[in-house]
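What follows is the content of run24.cif (mmCIF, C-alpha atoms).
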data_protein
loop_
_atom_site.label_atom_id
_atom_site.label_comp_id
_atom_site.auth_asym_id
_atom_site.auth_seq_id
_atom_site.Cartn_x
_atom_site.Cartn_y
_atom_site.Cartn_z
CA MET A 1 0.00 0.00 0.00
CA VAL A 2 2.76 2.43 0.95
CA ALA A 3 4.54 1.47 -2.27
CA ILE A 4 1.51 2.36 -4.41
CA VAL A 5 1.08 5.75 -2.71
CA ASP A 6 4.81 6.41 -3.13
CA PHE A 7 4.66 5.48 -6.84
CA ALA A 8 1.65 7.71 -7.53
CA LEU A 9 2.92 10.73 -5.58
CA LEU A 10 6.37 10.67 -7.19
CA ALA A 11 4.86 10.32 -10.67
CA GLY A 12 2.64 13.34 -9.91
CA LEU A 13 5.70 15.29 -8.83
CA ALA A 14 7.39 14.57 -12.17
CA VAL A 15 4.30 15.92 -13.95
CA TRP A 16 4.47 19.19 -11.96
CA ALA A 17 8.16 19.53 -12.78
CA LEU A 18 7.45 19.07 -16.52
CA GLY A 19 4.67 21.66 -16.23
CA ILE A 20 7.10 24.18 -14.72
CA VAL A 21 9.60 23.51 -17.53
CA HIS A 22 6.90 24.06 -20.19
CA LEU A 23 5.06 27.09 -18.75
CA ARG A 24 6.07 30.45 -20.22
CA SER A 25 4.01 32.50 -17.77
CA LEU A 26 6.23 33.34 -14.80
CA PHE A 27 3.27 33.75 -12.44
CA GLY A 28 2.02 30.31 -13.48
CA ALA A 29 5.47 28.79 -12.94
CA ALA A 30 5.71 30.37 -9.48
CA MET A 31 2.30 29.05 -8.43
CA MET A 32 3.05 25.63 -9.87
CA PHE A 33 6.30 25.63 -7.90
CA GLY A 34 4.21 26.21 -4.75
CA ILE A 35 2.05 23.18 -5.63
CA TYR A 36 5.21 21.17 -6.37
CA SER A 37 6.65 22.02 -2.92
CA LEU A 38 3.42 21.06 -1.15
CA HIS A 39 3.41 17.79 -3.11
CA CYS A 40 6.99 17.21 -1.91
CA ALA A 41 5.76 17.64 1.67
CA LEU A 42 3.21 14.86 1.04
CA ILE A 43 6.00 12.56 -0.16
CA PHE A 44 8.03 13.34 2.96
CA VAL A 45 5.08 12.22 5.12
CA VAL A 46 4.91 8.92 3.20
CA LEU A 47 8.67 8.47 3.69
CA ASP A 48 8.32 8.98 7.50
CA ALA A 49 9.97 12.42 7.57
CA VAL A 50 7.17 14.33 9.31
CA ASP A 51 9.39 17.15 10.63
CA VAL A 52 10.82 17.71 7.16
CA ALA A 53 7.28 17.66 5.72
CA PHE A 54 5.97 20.52 7.80
CA THR A 55 9.13 22.54 7.32
CA GLU A 56 8.85 22.04 3.54
CA ALA A 57 5.15 22.96 3.59
CA ALA A 58 5.75 26.12 5.63
CA VAL A 59 9.13 27.28 4.35
CA GLY A 60 9.46 25.67 0.90
CA ALA A 61 5.88 26.04 -0.31
CA GLY A 62 5.07 29.16 1.71
CA ILE A 63 8.02 31.52 2.04
CA SER A 64 9.78 30.56 -1.24
CA THR A 65 6.60 31.14 -3.25
CA VAL A 66 5.97 34.46 -1.51
CA LEU A 67 9.56 35.56 -2.24
CA ILE A 68 9.28 34.61 -5.93
CA LEU A 69 5.88 36.32 -6.23
CA SER A 70 7.13 39.53 -4.60
CA THR A 71 10.13 39.56 -6.98
CA LEU A 72 7.68 39.18 -9.88
CA ALA A 73 5.65 42.10 -8.48
CA ILE A 74 8.71 44.35 -8.08
CA THR A 75 10.26 43.59 -11.47
CA GLY A 76 6.94 43.42 -13.35
CA ALA A 77 8.16 40.41 -15.36
CA LYS A 78 5.25 38.43 -16.84
CA LEU A 79 6.32 36.17 -19.70
CA GLU A 80 9.52 34.27 -20.23
CA VAL A 81 11.14 35.09 -23.59
CA ARG A 82 12.27 31.92 -25.36
CA HIS A 83 15.25 32.62 -27.60
CA SER A 84 16.31 29.36 -29.18
CA ARG A 85 15.55 25.68 -28.73
CA ALA A 86 19.02 24.24 -28.87
CA MET A 87 19.46 20.47 -28.62
CA MET A 88 22.63 20.80 -26.57
CA PRO A 89 21.00 21.30 -23.11
CA LEU A 90 18.69 18.32 -23.72
CA LEU A 91 21.70 16.19 -24.67
CA ILE A 92 23.71 17.30 -21.62
CA THR A 93 20.87 16.63 -19.16
CA GLY A 94 20.13 13.29 -20.88
CA VAL A 95 23.74 12.11 -20.60
CA ILE A 96 24.06 13.23 -16.94
CA GLY A 97 20.69 11.60 -16.12
CA ALA A 98 21.77 8.31 -17.74
CA ALA A 99 25.07 8.41 -15.80
CA LEU A 100 23.19 9.00 -12.53
CA ILE A 101 20.81 6.10 -13.21
CA TYR A 102 23.80 3.86 -14.01
CA ALA A 103 25.42 4.95 -10.72
CA SER A 104 22.18 4.28 -8.78
CA LEU A 105 22.32 0.59 -9.75
CA ASP A 106 25.05 0.20 -7.11
CA MET A 107 22.93 1.79 -4.37
CA PRO A 108 21.08 -0.22 -1.73
CA LEU A 109 17.33 -0.50 -2.42
CA VAL A 110 14.98 2.07 -0.88
CA GLY A 111 13.91 0.88 2.59
CA ASP A 112 16.79 -1.57 3.10
CA PRO A 113 17.35 -1.68 6.92
CA SER A 114 20.96 -2.88 6.48
CA ALA A 115 21.97 -0.03 4.13
CA PRO A 116 25.18 1.70 5.31
CA ALA A 117 23.29 4.96 5.88
CA ASN A 118 21.04 3.24 8.45
CA LEU A 119 23.85 1.67 10.48
CA HIS A 120 26.89 3.49 11.91
CA VAL A 121 25.75 6.18 14.41
CA VAL A 122 21.98 6.00 13.87
CA PRO A 123 21.09 3.00 16.14
CA ARG A 124 22.86 4.81 18.97
CA TYR A 125 20.71 7.93 18.43
CA LEU A 126 17.55 5.80 18.42
CA GLN A 127 18.46 3.76 21.51
CA GLY A 128 20.38 6.30 23.58
CA SER A 129 18.54 9.57 23.06
CA ALA A 130 15.61 8.66 25.36
CA ALA A 131 17.94 8.28 28.33
CA GLU A 132 20.46 10.97 27.37
CA ILE A 133 18.22 13.82 26.20
CA ASN A 134 14.73 12.71 27.24
CA ILE A 135 12.84 14.04 24.20
CA PRO A 136 10.60 11.54 22.37
CA ASN A 137 11.27 13.10 18.94
CA VAL A 138 14.70 11.80 17.91
CA VAL A 139 14.97 14.37 15.08
CA THR A 140 14.75 17.18 17.65
CA SER A 141 17.38 15.68 19.93
CA VAL A 142 19.80 15.10 17.04
CA LEU A 143 19.17 18.60 15.63
CA ALA A 144 19.50 20.52 18.88
CA SER A 145 21.97 18.40 20.82
CA TYR A 146 24.04 15.72 19.03
CA ARG A 147 24.54 17.90 15.95
CA GLY A 148 24.01 21.27 17.60
CA TYR A 149 27.04 22.76 15.86
CA ASP A 150 25.40 22.06 12.47
CA THR A 151 22.42 24.11 13.58
CA LEU A 152 24.74 26.87 14.77
CA GLY A 153 26.36 26.84 11.30
CA GLU A 154 22.90 27.01 9.71
CA VAL A 155 22.06 30.08 11.79
CA THR A 156 25.34 31.66 10.66
CA VAL A 157 24.44 31.03 7.00
CA ILE A 158 20.95 32.53 7.45
CA PHE A 159 22.42 35.55 9.27
CA THR A 160 24.93 36.09 6.43
CA ALA A 161 22.19 35.76 3.80
CA GLY A 162 20.04 38.22 5.76
CA ILE A 163 22.89 40.75 5.84
CA GLY A 164 23.40 40.18 2.09
CA VAL A 165 19.73 40.85 1.32
CA LEU A 166 19.77 43.98 3.51
CA CYS A 167 22.93 45.25 1.77
CA LEU A 168 21.39 44.65 -1.65
CA LEU A 169 17.93 46.05 -0.97
CA GLY A 170 18.46 48.36 2.02
CA ARG A 171 17.51 52.02 1.88
CA HIS A 172 21.11 53.20 1.45
CA SER A 173 21.92 51.13 -1.66
CA ARG A 174 18.59 51.97 -3.29
CA LYS A 175 19.24 55.70 -2.81
CA ARG A 176 22.69 55.40 -4.32
CA SER A 177 21.46 53.55 -7.42
CA ARG A 178 18.71 56.13 -7.94
CA ARG A 179 21.29 58.90 -7.75
CA ARG A 180 23.47 57.12 -10.29
CA ARG A 181 20.55 56.77 -12.70
CA GLU A 182 19.87 60.51 -12.53
CA MET B 1 7.46 -1.30 0.69
CA SER B 2 9.41 -4.21 -0.76
CA THR B 3 8.63 -3.47 -4.41
CA ILE B 4 9.87 0.13 -4.57
CA GLY B 5 13.43 -0.86 -5.48
CA LEU B 6 15.27 2.07 -7.00
CA TYR B 7 12.18 3.85 -8.33
CA ASN B 8 12.49 6.80 -5.89
CA TYR B 9 16.05 7.49 -7.03
CA TRP B 10 15.11 7.49 -10.72
CA ILE B 11 12.30 10.00 -10.21
CA VAL B 12 14.76 12.10 -8.18
CA PHE B 13 17.22 12.04 -11.10
CA PHE B 14 14.44 13.05 -13.50
CA LEU B 15 13.51 16.02 -11.28
CA MET B 16 17.17 16.93 -10.87
CA MET B 17 17.70 16.97 -14.64
CA SER B 18 14.54 18.98 -15.34
CA GLY B 19 15.78 21.56 -12.82
CA LEU B 20 19.19 21.62 -14.49
CA TYR B 21 17.51 21.92 -17.92
CA VAL B 22 15.57 25.01 -16.78
CA VAL B 23 18.77 26.56 -15.38
CA ILE B 24 20.63 26.00 -18.69
CA VAL B 25 17.86 26.83 -21.19
CA SER B 26 15.94 29.68 -19.58
CA THR B 27 17.36 33.17 -20.04
CA ASN B 28 14.91 34.58 -17.51
CA LEU B 29 16.65 34.95 -14.15
CA ILE B 30 13.50 34.31 -12.05
CA LYS B 31 12.79 31.11 -13.99
CA LYS B 32 16.40 30.08 -13.37
CA ILE B 33 15.86 30.46 -9.60
CA ILE B 34 12.73 28.27 -9.85
CA GLY B 35 14.79 25.65 -11.74
CA LEU B 36 17.46 25.79 -9.05
CA ASN B 37 14.76 25.23 -6.43
CA ILE B 38 13.46 22.15 -8.29
CA PHE B 39 17.01 20.75 -8.34
CA GLN B 40 17.35 21.45 -4.63
CA THR B 41 14.05 19.77 -3.71
CA SER B 42 15.04 16.68 -5.68
CA VAL B 43 18.14 16.36 -3.49
CA PHE B 44 15.90 16.58 -0.41
CA ILE B 45 13.77 13.66 -1.69
CA PHE B 46 16.98 11.72 -2.45
CA TYR B 47 18.20 12.04 1.15
CA ILE B 48 14.81 11.23 2.69
CA SER B 49 14.53 8.14 0.43
CA ILE B 50 17.93 6.96 1.67
CA GLY B 51 16.69 7.29 5.28
CA LYS B 52 13.49 5.29 4.74
CA VAL B 53 13.42 1.90 6.48
CA ARG B 54 10.96 -0.73 5.24
CA GLY B 55 8.15 -1.12 7.79
CA GLY B 56 9.54 1.67 9.96
CA THR B 57 7.64 4.67 11.30
CA ALA B 58 8.52 8.31 11.94
CA PRO B 59 11.40 8.53 14.46
CA ILE B 60 9.31 9.63 17.45
CA LEU B 61 9.88 7.23 20.33
CA ALA B 62 6.89 5.24 21.58
CA ASP B 63 6.62 2.16 23.80
CA ASP B 64 4.97 -0.25 21.36
CA ILE B 65 7.14 0.55 18.30
CA THR B 66 10.48 -1.08 17.63
CA LEU B 67 11.39 -0.06 14.05
CA TYR B 68 12.03 3.59 13.14
CA SER B 69 13.19 5.29 9.96
CA ASN B 70 16.63 6.91 9.97
CA PRO B 71 16.42 10.33 11.72
CA LEU B 72 19.82 11.60 10.55
CA PRO B 73 18.87 12.51 6.91
CA HIS B 74 15.78 14.26 8.29
CA VAL B 75 17.98 16.50 10.44
CA LEU B 76 20.34 17.28 7.54
CA ILE B 77 17.43 18.15 5.23
CA LEU B 78 15.71 20.33 7.85
CA THR B 79 18.90 22.40 7.86
CA ALA B 80 19.12 22.32 4.06
CA ILE B 81 15.52 23.55 3.52
CA VAL B 82 16.06 26.63 5.67
CA VAL B 83 19.48 27.37 4.12
CA GLY B 84 17.88 26.87 0.68
CA VAL B 85 15.29 29.56 1.38
CA ALA B 86 18.04 31.91 2.60
CA THR B 87 20.02 31.44 -0.65
CA THR B 88 16.82 31.83 -2.73
CA ALA B 89 16.13 35.12 -0.95
CA LEU B 90 19.67 36.31 -1.69
CA GLY B 91 19.38 35.30 -5.37
CA LEU B 92 16.05 37.07 -5.74
CA ALA B 93 17.48 40.21 -4.04
CA LEU B 94 20.30 40.16 -6.63
CA ILE B 95 17.68 39.90 -9.39
CA VAL B 96 15.82 42.93 -8.01
CA ARG B 97 19.09 44.91 -8.03
CA ILE B 98 19.89 43.76 -11.57
CA HIS B 99 16.41 44.91 -12.57
CA THR B 100 16.96 48.41 -11.10
CA ALA B 101 20.28 48.68 -12.97
CA PHE B 102 19.30 47.22 -16.37
CA ASN B 103 15.47 47.41 -16.31
CA SER B 104 15.21 43.73 -17.34
CA VAL B 105 15.38 40.24 -15.82
CA ASP B 106 16.23 38.56 -19.14
CA GLU B 107 19.88 37.63 -19.66
CA GLU B 108 19.98 38.37 -23.41
CA GLN B 109 18.43 41.81 -22.94
CA ILE B 110 20.86 42.55 -20.11
CA TYR B 111 23.82 41.63 -22.33
CA THR B 112 22.63 43.78 -25.24
CA SER B 113 21.87 46.79 -23.03
CA LYS B 114 25.27 46.37 -21.40
CA ASP B 115 26.98 46.30 -24.83
CA SER B 116 25.15 49.40 -26.04
CA ARG B 117 26.11 51.19 -22.84
CA ASP B 118 29.84 50.41 -23.31
#

Would you put the structure from the file into structure tokens?
Amino acid sequence: MVAIVDFALLAGLAVWALGIVHLRSLFGAAMMFGIYSLHCALIFVVLDAVDVAFTEAAVGAGISTVLILSTLAITGAKLEVRHSRAMMPLLITGVIGAALIYASLDMPLVGDPSAPANLHVVPRYLQGSAAEINIPNVVTSVLASYRGYDTLGEVTVIFTAGIGVLCLLGRHSRKRSRRRRE
Amino acid sequence: MSTIGLYNYWIVFFLMMSGLYVVIVSTNLIKKIIGLNIFQTSVFIFYISIGKVRGGTAPILADDITLYSNPLPHVLILTAIVVGVATTALGLALIVRIHTAFNSVDEEQIYTSKDSRD
């Protein structure tokens, strides 16, 4: 049953992606990207990643779409101009895709409990975190405690990006560019 | 769950390549960012698929459950989603600045207006 749901949802996701590639309307592509992100959140629920699912639904589908839409509103761009339909990009993506599929034949099957990714440090997190950290959600205890420095690094990246956005769009830089245009 | 095999990975590669195709082909900068986001989301699904354990449940500890999916990829992808939005915001801010300087978000038009200005 889970397999059927997984099959159907992933096939649907591929359809959304093709739709985004084909659409020339930028507004349409932005909205379809929102649907695509929400669809991704559904797939994360099926694959047991509930924390990731609600983050994707809130941040990926929500904030990303709002950011793209506000950029569309500021720039006033409506339609994508198609210049040429070269075969080269199709060839490049086809070759890389074939290489990736060839490489995936060596990977353990999806859901294999003895895959290397599921061994190593993970059993210790699952067995030890109840006694060591006393939070039922293992994702939370790994995020905030075992790998707390990762989260600190993430905050640093977001802070840097925030400073970058402020430098680019802050009042000072806008004034300067207006002066230059005059 | 036993019949999925490598199907998840193949769909992920398809999504990855359609994102890459948009980034290469589209000359519109906003569409390029959307393509980049598709690529990024496909990597998220790749990681979460790796962490799936057959017959497991979400990694929230309960007394009557013995088999959980791998929590580690979930943690990595939680970080990646938030960082992804931060980089998207930065990219879109750059596009807004490019638009104020060149009055266009299309690469070809930006190049031609830059040439005529020189």

TODO: Write out as a ChimeraX atom specification the residues lying within 8 Å of range 46-62 of chain A, counting only C-alpha atoms and excluding same-chain residues fewer than 6 positions away.
DONE: /A:2,5-6,33-38,40,139 /B:48-49,52,56-59,69,71,74-75,77-78,81-82,85

Put those residues in a file: C-alpha atoms, as a PDB file, in the frame of the given file.
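Saved to again.pdb:
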ATOM      1  CA  VAL A   2       2.760   2.430   0.950  1.00  0.00           C
ATOM      2  CA  VAL A   5       1.080   5.750  -2.710  1.00  0.00           C
ATOM      3  CA  ASP A   6       4.810   6.410  -3.130  1.00  0.00           C
ATOM      4  CA  PHE A  33       6.300  25.630  -7.900  1.00  0.00           C
ATOM      5  CA  GLY A  34       4.210  26.210  -4.750  1.00  0.00           C
ATOM      6  CA  ILE A  35       2.050  23.180  -5.630  1.00  0.00           C
ATOM      7  CA  TYR A  36       5.210  21.170  -6.370  1.00  0.00           C
ATOM      8  CA  SER A  37       6.650  22.020  -2.920  1.00  0.00           C
ATOM      9  CA  LEU A  38       3.420  21.060  -1.150  1.00  0.00           C
ATOM     10  CA  CYS A  40       6.990  17.210  -1.910  1.00  0.00           C
ATOM     11  CA  VAL A 139      14.970  14.370  15.080  1.00  0.00           C
TER      12      VAL A 139
ATOM     13  CA  ILE B  48      14.810  11.230   2.690  1.00  0.00           C
ATOM     14  CA  SER B  49      14.530   8.140   0.430  1.00  0.00           C
ATOM     15  CA  LYS B  52      13.490   5.290   4.740  1.00  0.00           C
ATOM     16  CA  GLY B  56       9.540   1.670   9.960  1.00  0.00           C
ATOM     17  CA  THR B  57       7.640   4.670  11.300  1.00  0.00           C
ATOM     18  CA  ALA B  58       8.520   8.310  11.940  1.00  0.00           C
ATOM     19  CA  PRO B  59      11.400   8.530  14.460  1.00  0.00           C
ATOM     20  CA  SER B  69      13.190   5.290   9.960  1.00  0.00           C
ATOM     21  CA  PRO B  71      16.420  10.330  11.720  1.00  0.00           C
ATOM     22  CA  HIS B  74      15.780  14.260   8.290  1.00  0.00           C
ATOM     23  CA  VAL B  75      17.980  16.500  10.440  1.00  0.00           C
ATOM     24  CA  ILE B  77      17.430  18.150   5.230  1.00  0.00           C
ATOM     25  CA  LEU B  78      15.710  20.330   7.850  1.00  0.00           C
ATOM     26  CA  ILE B  81      15.520  23.550   3.520  1.00  0.00           C
ATOM     27  CA  VAL B  82      16.060  26.630   5.670  1.00  0.00           C
ATOM     28  CA  VAL B  85      15.290  29.560   1.380  1.00  0.00           C
TER      29      VAL B  85
END

TODO: List, as a PyMOL selection string, every residue that the PyMOL selection byres ((chain B and resi 43) around 12) selects in the file provided.
DONE: (chain A and resi 40) or (chain B and resi 8-17+19+36-42+44-50+73+76-77+80-81+84)

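Evaluated against this file, the PyMOL selection byres ((chain A and resi 151) around 12) yields A:Thr140, A:Ser141, A:Val142, A:Leu143, A:Ala144, A:Ser145, A:Tyr146, A:Arg147, A:Gly148, A:Tyr149, A:Asp150, A:Leu152, A:Gly153, A:Glu154, A:Val155, A:Thr156, A:Val157, A:Ile158, B:Val75, B:Leu76, B:Ile77, B:Leu78, B:Thr79, B:Ala80, B:Val82, B:Val83.
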
Expected file: the selected residues, C-alpha atoms, as an mmCIF file, in the frame of the given file:
data_model
loop_
_atom_site.group_PDB
_atom_site.id
_atom_site.type_symbol
_atom_site.label_atom_id
_atom_site.label_comp_id
_atom_site.auth_asym_id
_atom_site.auth_seq_id
_atom_site.Cartn_x
_atom_site.Cartn_y
_atom_site.Cartn_z
ATOM 1 C CA THR A 140 14.750 17.180 17.650
ATOM 2 C CA SER A 141 17.380 15.680 19.930
ATOM 3 C CA VAL A 142 19.800 15.100 17.040
ATOM 4 C CA LEU A 143 19.170 18.600 15.630
ATOM 5 C CA ALA A 144 19.500 20.520 18.880
ATOM 6 C CA SER A 145 21.970 18.400 20.820
ATOM 7 C CA TYR A 146 24.040 15.720 19.030
ATOM 8 C CA ARG A 147 24.540 17.900 15.950
ATOM 9 C CA GLY A 148 24.010 21.270 17.600
ATOM 10 C CA TYR A 149 27.040 22.760 15.860
ATOM 11 C CA ASP A 150 25.400 22.060 12.470
ATOM 12 C CA LEU A 152 24.740 26.870 14.770
ATOM 13 C CA GLY A 153 26.360 26.840 11.300
ATOM 14 C CA GLU A 154 22.900 27.010 9.710
ATOM 15 C CA VAL A 155 22.060 30.080 11.790
ATOM 16 C CA THR A 156 25.340 31.660 10.660
ATOM 17 C CA VAL A 157 24.440 31.030 7.000
ATOM 18 C CA ILE A 158 20.950 32.530 7.450
ATOM 19 C CA VAL B 75 17.980 16.500 10.440
ATOM 20 C CA LEU B 76 20.340 17.280 7.540
ATOM 21 C CA ILE B 77 17.430 18.150 5.230
ATOM 22 C CA LEU B 78 15.710 20.330 7.850
ATOM 23 C CA THR B 79 18.900 22.400 7.860
ATOM 24 C CA ALA B 80 19.120 22.320 4.060
ATOM 25 C CA VAL B 82 16.060 26.630 5.670
ATOM 26 C CA VAL B 83 19.480 27.370 4.120
#

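Among A:Pro89, A:Gly170, A:Gly128, A:Pro116, the residue with the shortest atom-to-atom distance to chain B, counting all atoms listed in the file, is A:Pro89.
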
TODO: Apply the PyMOL selection byres ((chain B and resi 102-116) around 12) to the file shown and report the selected residues as a VMD selection string.
DONE: (chain A and resid 26 71 to 72 74 to 84 177 181) or (chain B and resid 23 to 33 92 to 101 117 to 118)

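Atom pair CA of Leu61 in chain B / CA of Ile135 in chain A: separated by 8.4 Å.
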
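The gap separating CA of Trp16 in chain A from CA of Ile4 in chain A is 18.7 Å, in Å to one decimal.
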